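Please read the structure below before turning to the comments.
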Amino acid sequence: MHKKLEARNVNVFYDQTHVIKDVNLAVEQHSVTAFIGPSGCGKSTFLRLYNRMNDLIEGFRKEGEILIDGRDIYQRDLRVEDLRKKVGMVFQKPNPFPKSIYENVIYGLKIRGVNNKNLLDETVERCLRQAALWDEVKDNLRKSALALSGGQQQRLCIARAIATEPSVLLMDEPASALDPISTSKVEELIYELKSQFTIIIVTHNMQQAGRVSDKTAFFYLGELVECDSTKKIFTNPTDSRTQDYITGRFG
Amino acid sequence: MHKKLEARNVNVFYDQTHVIKDVNLAVEQHSVTAFIGPSGCGKSTFLRLYNRMNDLIEGFRKEGEILIDGRDIYQRDLRVEDLRKKVGMVFQKPNPFPKSIYENVIYGLKIRGVNNKNLLDETVERCLRQAALWDEVKDNLRKSALALSGGQQQRLCIARAIATEPSVLLMDEPASALDPISTSKVEELIYELKSQFTIIIVTHNMQQAGRVSDKTAFFYLGELVECDSTKKIFTNPTDSRTQDYITGRFG
Amino acid sequence: MRIPERLIVGVLGACAGLTILITLGILYTLASEAVVFFSEVPITDFLTDTQWTPLFTEKHFGILPLLAGTLLTSFIAIFFALPIGLTIAIYLNEYAPRSFAFSIKPILEILAAVPTVVYGYFALTVVTPFLQGFIPGLAGFNALGAGFVMGIMIIPLISSLSQDALYAVPKSLREASYGMGATRLQTAFQVLVPAASSGITVSVILAISRAVGETMIVAIAAGMQPNLTADPTVPIQTITTFIVQISMGDVPHGSLEYRTIFAAGISLFVLTFILNNISFWFKKRYRMKYE
Amino acid sequence: MNKVTANRIKDQAFRAFGLFCTLFGLIMLAVFVGDVVLKGIGRIDLDFLTNLPSRFPERAGIFTALMGTCWILFLTAAIAIPVGVSAGLYLEEYGRKNRFANLVEINITNLAGIPSIIYGLLGLELFVRTLKLGQSVLAGALTLALLILPIIIVATRESVRAVPKSLREASLAMGATKWQTIWLQVLPASVGGILTGVILALSRAVGEAAPLIVVGALAYVPFAPSSPMDEFSVLPIQIFNWVSRPQQGFITNSAAAIIILLMVTFLMNGVAIFFRNRWQRRVKW
Amino acid sequence: MTHLEAEIKNLKTELLDMFHLVRTQLEKSRESLVRLDKDLAREVMVNEKRVNAFELKVDRDCENTIALFNPVAIDLRFVLACLKINSNLERIGDIADGICQFVLNIKMEPEKDLLEATRMMEMFDTSIEILEEVRLAFENEDTRLARSVFKKDELLDEINMNANQAVAEFIKNHPDRINQSLYLLSSIRKLERVGDQCKNISEEIIFYIEAKVLKHKSREQKQA
Amino acid sequence: MTHLEAEIKNLKTELLDMFHLVRTQLEKSRESLVRLDKDLAREVMVNEKRVNAFELKVDRDCENTIALFNPVAIDLRFVLACLKINSNLERIGDIADGICQFVLNIKMEPEKDLLEATRMMEMFDTSIEILEEVRLAFENEDTRLARSVFKKDELLDEINMNANQAVAEFIKNHPDRINQSLYLLSSIRKLERVGDQCKNISEEIIFYIEAKVLKHKSREQKQA
Ligand SMILES: Nc1ncnc2c1ncn2[C@@H]1O[C@H](COP(=O)(O)OP(=O)(O)OP(=O)(O)O)[C@@H](O)[C@H]1O
Ligand SMILES: Nc1ncnc2c1ncn2[C@@H]1O[C@H](COP(=O)(O)OP(=O)(O)OP(=O)(O)O)[C@@H](O)[C@H]1O
Ligand SMILES: [Mg+2]
Ligand SMILES: [Mg+2]
Ligand SMILES: O=P([O-])([O-])[O-]
């Protein structure tokens, strides 16, 4: 399969603290990869390397290369705005803009100057359908996004993220603020989206990693301990630290 | 076994909304009962009936009886402060007071005017031991509680709650803000505490209910759908709504 | 970053930089005139002389009477406002029904929005005559009436900021305390007030600073007589009122009298500067704790 | 009596005391306002509003002062709002890391605490004397603009800061530039707070007398200003002037003027509170 | 449909395939015995490898489903039932294989009258029939049908009981064909096991659908 | 110790009890056969009920453990292994029961020379020995020991192979004792199954400890 994302000897520092230690990781196209690991092991940090959201953080420093489709995304001549168009992100807490549902979805297009009404309408419908939200909101697209329930908001955020037609979707604990029912809806959605996107999901919920991902990467103290098929990780992990973590015998 | 807590035909209203509908529930002494159910089904509301924390909420109204050891706790002549001494509570987010560890534990005694230094010292050690925290903090009891990690803070909150020697412990999603490792420590603790306390725990995490509880009560839209032994609920629930919920086929 | 963004940032940054220029302007203005002033009046005289008579023929330039007046009125104001303000804050936060607290708070804040000339008018025409009924020998212009009214003015400053600080204490802490069986009073004084102590301190210091810099109330109601006294019943003069007094007359630019207001101004500036920085330091500590 | 009972009694006693304190301030305000209305309401008529100042209390009006206040309000707003909001945005959005911003931050905290009369001294030296604007409306407005600048900056920063990080991250992650994020998300989300701050700041400016006295606004100005360079007076100064006179007629006049001034400030505060409440209720994340 | 539902559907399909595979094996072994077709017998023995592989796959899938999806209640019962049904089916496969081994071992066609006396072919047919019924019960979640299996199994038990006697008689009359007779007896014992396995499968089906444990209960209790 | 660990420890204890129970059954059935002690045989058949009940309990506990604790990785493999070992043990219990049934059926003590020729007692002893070894392997998580079982099982297979011949001989010489001989042959077949079941248990032990699947592999592959 095509290697969509590749990290080569990546190290990350926040000022003096070394939070990602020499990580090599390849992610295949159209797969779901879960990042698991104890709190503070660097999952979020590593995830945010892929769309350079870490650049906003003071004291952040990176070594090594992050390639998307074989191209280093930290190159000088690459515009970070363009990168982020290609690499969508969904956050832990649903964070719709305080605007209408419609405007939320088209936000990514509008900031790029797309104004064609038909195109926008089409995009809204397509993305909301893909996000399994269309049926629930099609009659009130002009309603404020804040009036939606938490689970709906999160699916709206996913719809918004896929409106710019990214090829990669990053999700940082996308369901940890949701109740079980909304969670399972979002998980379904992830499952369905993987035919079109390369998805990376950070999760604290081991069961979730089991349910949604094809591959699982276990991080510990900034190291990538093990990355293998989720089935393997959950039935017969190679590293004893992984086994201890997933069986809850840790620390 | 001794019926520690009993709810008889309980209804709760917030202004006009009917949030608890005619619930009857008996809880045995020295057992762990888990409340599960979709968000907003009234678990927290029902839990907070037992220590009358709902009294603080405007528009709250209750019908029916809540008995502890056969005595109605909503009787006129019962002091709510005394009740709360008997019924400890642990909250979702660890909420230690911004004081030292020591002061946190003795807070409940101090507000009752206990000043005997020896007694206080003893209580601190006993409670911290019970909360499986003593070894980690015994050398810095004067350190600020805020300097502890999330999981330690939550165990401190449990120590604080048991310092007044309650017989009932209420826990509203006590581990939902914790990472898996801290969560499992808190779960262990619950398991150990049940020999001395009657524990009720609200949780969104079905697996958690499975792991820690003897009985599980499933709430749905303010109704108590089913309350049975956890094993029964998880292997062969009677009500189809329960089955749908725990197998994730809901909504 | 592309060019337009850079431009925007440049403009915004310039606006931010302007605030530095203001400070420099104030410092320069005060200092340059004060330097000339202190070249004529020895600074030791300024700090130790117990009389302030720049407009008399026998000129004395001792700041102490003005300082005493300033501190006296401020003290009276805080003496009234602190207990009342703090009690209000606790009451609104813990006891009052939410809806009541919600509607009463903006109304209380109106106390602080009333222009100070108006308070001056009240002090002079309502409060002092009223007090004269109890305190024989109370002068028509006095520190007590002015200070009392000033206190009313700064009540909301204390109550609002303190309540904000109390409110910022996580709800979970209150619930924890109630859950332990504490009464509201115990919760307020043993958990909330200590947790919000930095914020409350900030509010008090800011209130003092405000009282020290207050002009119109004292200008109208406290008289304009520089007295080195702690007696609240007699007329006094504060640093601010002195500046007003001089400004009212058409004092020629470049005269010594003109410069006295800058000397007085720099004293006032130093005083408030110190207070502000104490509160700033507290605020920082407070913010760190609740991150 | 056991400890718990004692605690309950203390609790109830404090409740009563708290209610008393809360009402105390309001009662005083009511007494004051009642007093001033009783004394001044009879004096208010069209003549009072349109007459020029006079040596005779019965003929004196507040026209020039009222117009001066309007001019001051308008010019101050025009100067302070753009500068203040811009500076606030810069500090909160761009200037988080550099030392310059740090300096500005400390500086603004200090500026906010400097007594208004000191701004008067600055205005006197800078605008009146150095820039030779004279004792004009413009000089006064500039002075007041400087005075309320920190308030606007702080209000802007606070409402901008209240915009959750998640909203910013959402926009940036969509590929928006920083300015797009600010313009499309942060500003709209914080406009309510900024507006509230601005109105409160202006209402403060309307009530200020001390700095304008120092700058040289005069109690007696024969004509309403017709350009920014004209001399002017404002309501608070007019009141100060009247209240300082011994004649009872002028005291009555001042009471009447106070009614007008209070109406203006209360109105502005009311609007600000309205905005704040609506904004708080509408935006919840 | 949730992932888990998809996964469960998949497990079911796999297990139905397994049913089919095993049934084919059983039918072929019957054919090979009747016609003493050693090639067919060899084919069955080769295919046994496939059955084994399939058993492992289903096993692995059940394990993965439990590890990844944490099924509970009916879902868990289903997966556990699959695990057991799977191993029962594999045993039936073993039996077919064992019978074919015996076909390879004997020298000449089995005596018609011995076959008749032992009612072995009847047993074979009944076994296949029962297996098919169990498959249907599984496919349609039909506990009534599953229960009917218990009754049918009794026929097999009966034949098995009598077989000892029949074989003994036959040996007495044909002392030269002891070996063959003993092999046949073993096969009959094996076929009886097919009935038992199907009974087990039925029990598992009822367990997962109704959460009733029928294992080790008498037939009367089972019918209840 | 986490709850799950406690639960797993508990499962292990239960299963060891089950091992013990089954072993006792097997030993008693041996005794009853040697001494034709029908009372002892009856005792074994009564105890079989206990074995069955115990099997159900272990089964239920495994199911509960999975439902409540969602074990993964080695924990899950352990629970699944328990499930299977449990049913294997129950089958060994069945076998002991079956042999006792045969003891009740026969009229006189089995011929010494038939027993010798079929090496039945050797088979019995080896079975019990293997069962004990498997138990030890399980108790100590000793995969070396578990592997050694595969070798021992070959002895059983060999005896079983030859038994057919031995019984055939015996019947030829003692046509009057056909019935008894056939019962004995059935018992031998059953004992051979004990070896198979133990082999299965060993495979499960190795599977859960090493996550290696040995089922359906040749012995050479297994030793690797
Ligand atoms: N802005 C920052 N400045 C300094 N250190 C940071 C910063 N953000 C994170 N860290 C540190 O980097 C390490 C990795 O953080 P990260 O957020 O990536 O962990 P995580 O695995 O996502 O944890 P969690 O599961 O709690 O989200 C942590 O030790 C954290 O303390
Ligand atoms: N203070 C309140 N005023 C009015 N309605 C309320 C209040 N608190 C809760 N409710 C309503 O009562 C119902 C039950 O709320 P409750 O918090 O008990 O649910 P829950 O089961 O604990 O949900 P969750 O799992 O999200 O915590 C909800 O529909 C909620 O909207
Ligand atoms: Mg993270
Ligand atoms: Mg709740
Ligand atoms: O494994 P068995 O078929 O003999 O039970």
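Residues are named by chain letter and number: chains run A, B, ... in the order of the structure tokens, numbers start at 1 in each chain, and ligands are numbered from 1 in the order shown.
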Please return as a PyMOL selection string: the residues of stretch 40-161 of chain B that backbone DSSP assigns to alpha helix (DSSP H). chain B and resi 43-49+80-86+101-110+117-130+134-137+150-161
inquiry  = Can you tell me which residues surround stretch 271-275 of chain C at a distance of at most 8 Å, considering only C-alpha atoms, apart from same-chain residues fewer than 2 positions away, and format the answer as a list in words?
reply    = Ile205, Leu206, Ile208, Ser209, Val212, Gly213, Ser267, Leu268, Phe269, Asn277, Ile278 and Ser279 of chain C; Asn110, Gly113, Ile114 and Pro115 of chain D
* Can you tell me which residues sit at most 10 Å away from ligand 3, counting only C-alpha atoms and all ligand atoms, written as a PyMOL selection string? -> chain A and resi 35-48+91-92+172-173+202-204
Identify every residue of chain B that has at least one atom within 9 Å of any atom of chain E, counting only C-alpha atoms, and report the result as a list in words. Gln207, Lys232, Ile233, Phe234, Thr235, Asn236, Pro237, Gln243, Ile246, Thr247, Gly248 and Arg249 of chain B
Protein and nucleic residues near ligand 5, 6 Å, only C-alpha atoms and all ligand atoms, as number ranges by chain = E: 91; F: 91, 193
(request) Report as a PyMOL selection string the set of chain F residues whose atoms approach chain E to within 7 Å, with distances computed over only C-alpha atoms. (result) chain F and resi 52+67+70+72+168+172+175+178-179+216
Requested write-out: N, CA, C and O atoms of the selected residues, as a short mmCIF file (atom, residue, chain, number, x, y, z; two decimals), in the first residue's frame:
data_model
loop_
_atom_site.label_atom_id
_atom_site.label_comp_id
_atom_site.auth_asym_id
_atom_site.auth_seq_id
_atom_site.Cartn_x
_atom_site.Cartn_y
_atom_site.Cartn_z
N ASN F 52 -19.80 -32.07 35.71
CA ASN F 52 -20.62 -31.27 34.79
C ASN F 52 -20.95 -29.91 35.40
O ASN F 52 -20.81 -28.87 34.75
N ALA F 67 -17.19 -10.53 29.90
CA ALA F 67 -18.22 -9.49 29.83
C ALA F 67 -17.88 -8.31 30.73
O ALA F 67 -18.08 -7.16 30.37
N ASN F 70 -13.39 -7.20 30.03
CA ASN F 70 -12.79 -6.99 28.71
C ASN F 70 -11.31 -7.29 28.67
O ASN F 70 -10.51 -6.41 28.35
N VAL F 72 -7.73 -8.35 27.40
CA VAL F 72 -7.10 -8.36 26.07
C VAL F 72 -5.76 -9.06 26.20
O VAL F 72 -5.30 -9.37 27.30
N ALA F 168 -8.93 -58.42 18.22
CA ALA F 168 -9.33 -59.35 17.16
C ALA F 168 -8.81 -60.75 17.46
O ALA F 168 -9.56 -61.73 17.41
N LYS F 172 -11.04 -64.11 18.38
CA LYS F 172 -10.88 -65.37 17.66
C LYS F 172 -10.75 -66.52 18.64
O LYS F 172 -11.36 -67.58 18.49
N PRO F 175 -14.47 -66.73 21.32
CA PRO F 175 -15.67 -66.19 20.66
C PRO F 175 -16.80 -65.96 21.66
O PRO F 175 -17.70 -65.17 21.43
N ILE F 178 -17.05 -62.13 23.12
CA ILE F 178 -17.04 -61.00 22.17
C ILE F 178 -17.50 -59.71 22.81
O ILE F 178 -16.84 -58.66 22.74
N ASN F 179 -18.66 -59.80 23.47
CA ASN F 179 -19.25 -58.59 24.03
C ASN F 179 -18.28 -57.84 24.93
O ASN F 179 -18.02 -56.65 24.75
N HIS F 216 -3.50 -28.42 15.06
CA HIS F 216 -3.41 -28.88 13.68
C HIS F 216 -2.03 -28.73 13.08
O HIS F 216 -1.87 -28.53 11.88
#
Dump as a tab-separated table the rows for residues of chain B within 7 Å of chain C: closest atom pair and distance in Å with one decimal, only C-alpha atoms counted, ordered by chain and rising residue number.
residue	atom	partner	partner_atom	distance
B:Glu81	CA	C:Gly181	CA	4.2
B:Asp82	CA	C:Gly181	CA	6.5
B:Arg84	CA	C:Gly181	CA	4.7
B:Lys85	CA	C:Gly181	CA	5.4
B:Gly88	CA	C:Gly179	CA	6.5
B:Met89	CA	C:Gly179	CA	5.8
B:Asn95	CA	C:Leu173	CA	5.6
B:Pro96	CA	C:Leu173	CA	7.0
B:Phe97	CA	C:Leu173	CA	6.3
B:Pro98	CA	C:Ala195	CA	6.3
B:Gly108	CA	C:Met180	CA	5.6
B:Ile111	CA	C:Ala182	CA	6.3
B:Ala161	CA	C:Met180	CA	6.8
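For A:Cys227, the non-local neighbours within 7 Å, defined as residues at least 5 positions apart in the same chain or in other chains and counting only C-alpha atoms, are Lys215, Thr216, Ala217 and Phe218 of chain A.
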| said: Residues near C:Ala14, anyone? I mean within 12 Å using only C-alpha atoms, not counting same-chain ones fewer than 6 positions away, as a list of chain:residue names. | reply: C:Leu7, C:Ile8, C:Ile20, C:Leu21, D:Pro82, D:Val83, D:Gly84, D:Val85, D:Ser86, D:Ala87, D:Gly88, D:Leu89, D:Tyr90, D:Leu91, D:Gly95, D:Phe100, D:Ala101, D:Val104
Any chance you could tabulate, as a tab-separated table, the residues of chain D at most 6 Å from chain A with each one's nearest atom pair and distance in Å to one decimal, using only C-alpha atoms, in chain and rising number order?
residue	atom	partner	partner_atom	distance
D:Ser166	CA	A:Asn95	CA	5.9
D:Leu167	CA	A:Asn95	CA	5.8
D:Ala173	CA	A:Arg84	CA	5.7
D:Met174	CA	A:Gly108	CA	5.6
D:Gly175	CA	A:Glu81	CA	4.2
Requested write-out: C-alpha atoms of the selected residues, as a compact mmCIF listing (two decimals), in the first residue's frame:
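What follows is the written file out25.txt:
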# COMPACT_ATOMS: atom_id res chain seq x y z
CA SER D 166 -10.50 25.73 20.44
CA LEU D 167 -12.19 28.21 18.12
CA ALA D 173 -6.51 23.99 11.29
CA MET D 174 -8.84 24.77 8.41
CA GLY D 175 -5.96 26.59 6.78
Identify, on the basis of only C-alpha atoms, every residue whose closest approach to F:Thr24 does not exceed 12 Å; exclude the query and any residue fewer than 5 positions from it along the same chain; express the result as number ranges by chain. F: 17-19, 29-31, 40, 43-44, 47-48, 51, 89, 92-93, 96-97, 128, 131-132
For this session: Per DSSP on the backbone, filter stretch 5-235 of chain B down to the residues in strand (DSSP E) and report them as a ChimeraX atom specification.
Result: /B:5-14,17-28,32-36,60-68,71-72,87-90,168-172,198-202,215-220,223-229
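Across the model, the gap from atom CA of D:Ser171 to atom CA of A:Val105 is 11.6 Å.
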One decimal place gives the atom CA of C:Val251-atom CA of C:Leu55 separation as 10.7 Å
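Going from atom CA of C:Gly69 to atom CA of C:Gln237 covers 5.4 Å.
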For F:Val103: contacts at 9 Å, only C-alpha atoms, fewer than 2 positions along chain excluded, given as number ranges by chain:
F: 29, 32-33, 36-38, 41, 98-101, 105-107, 109, 183
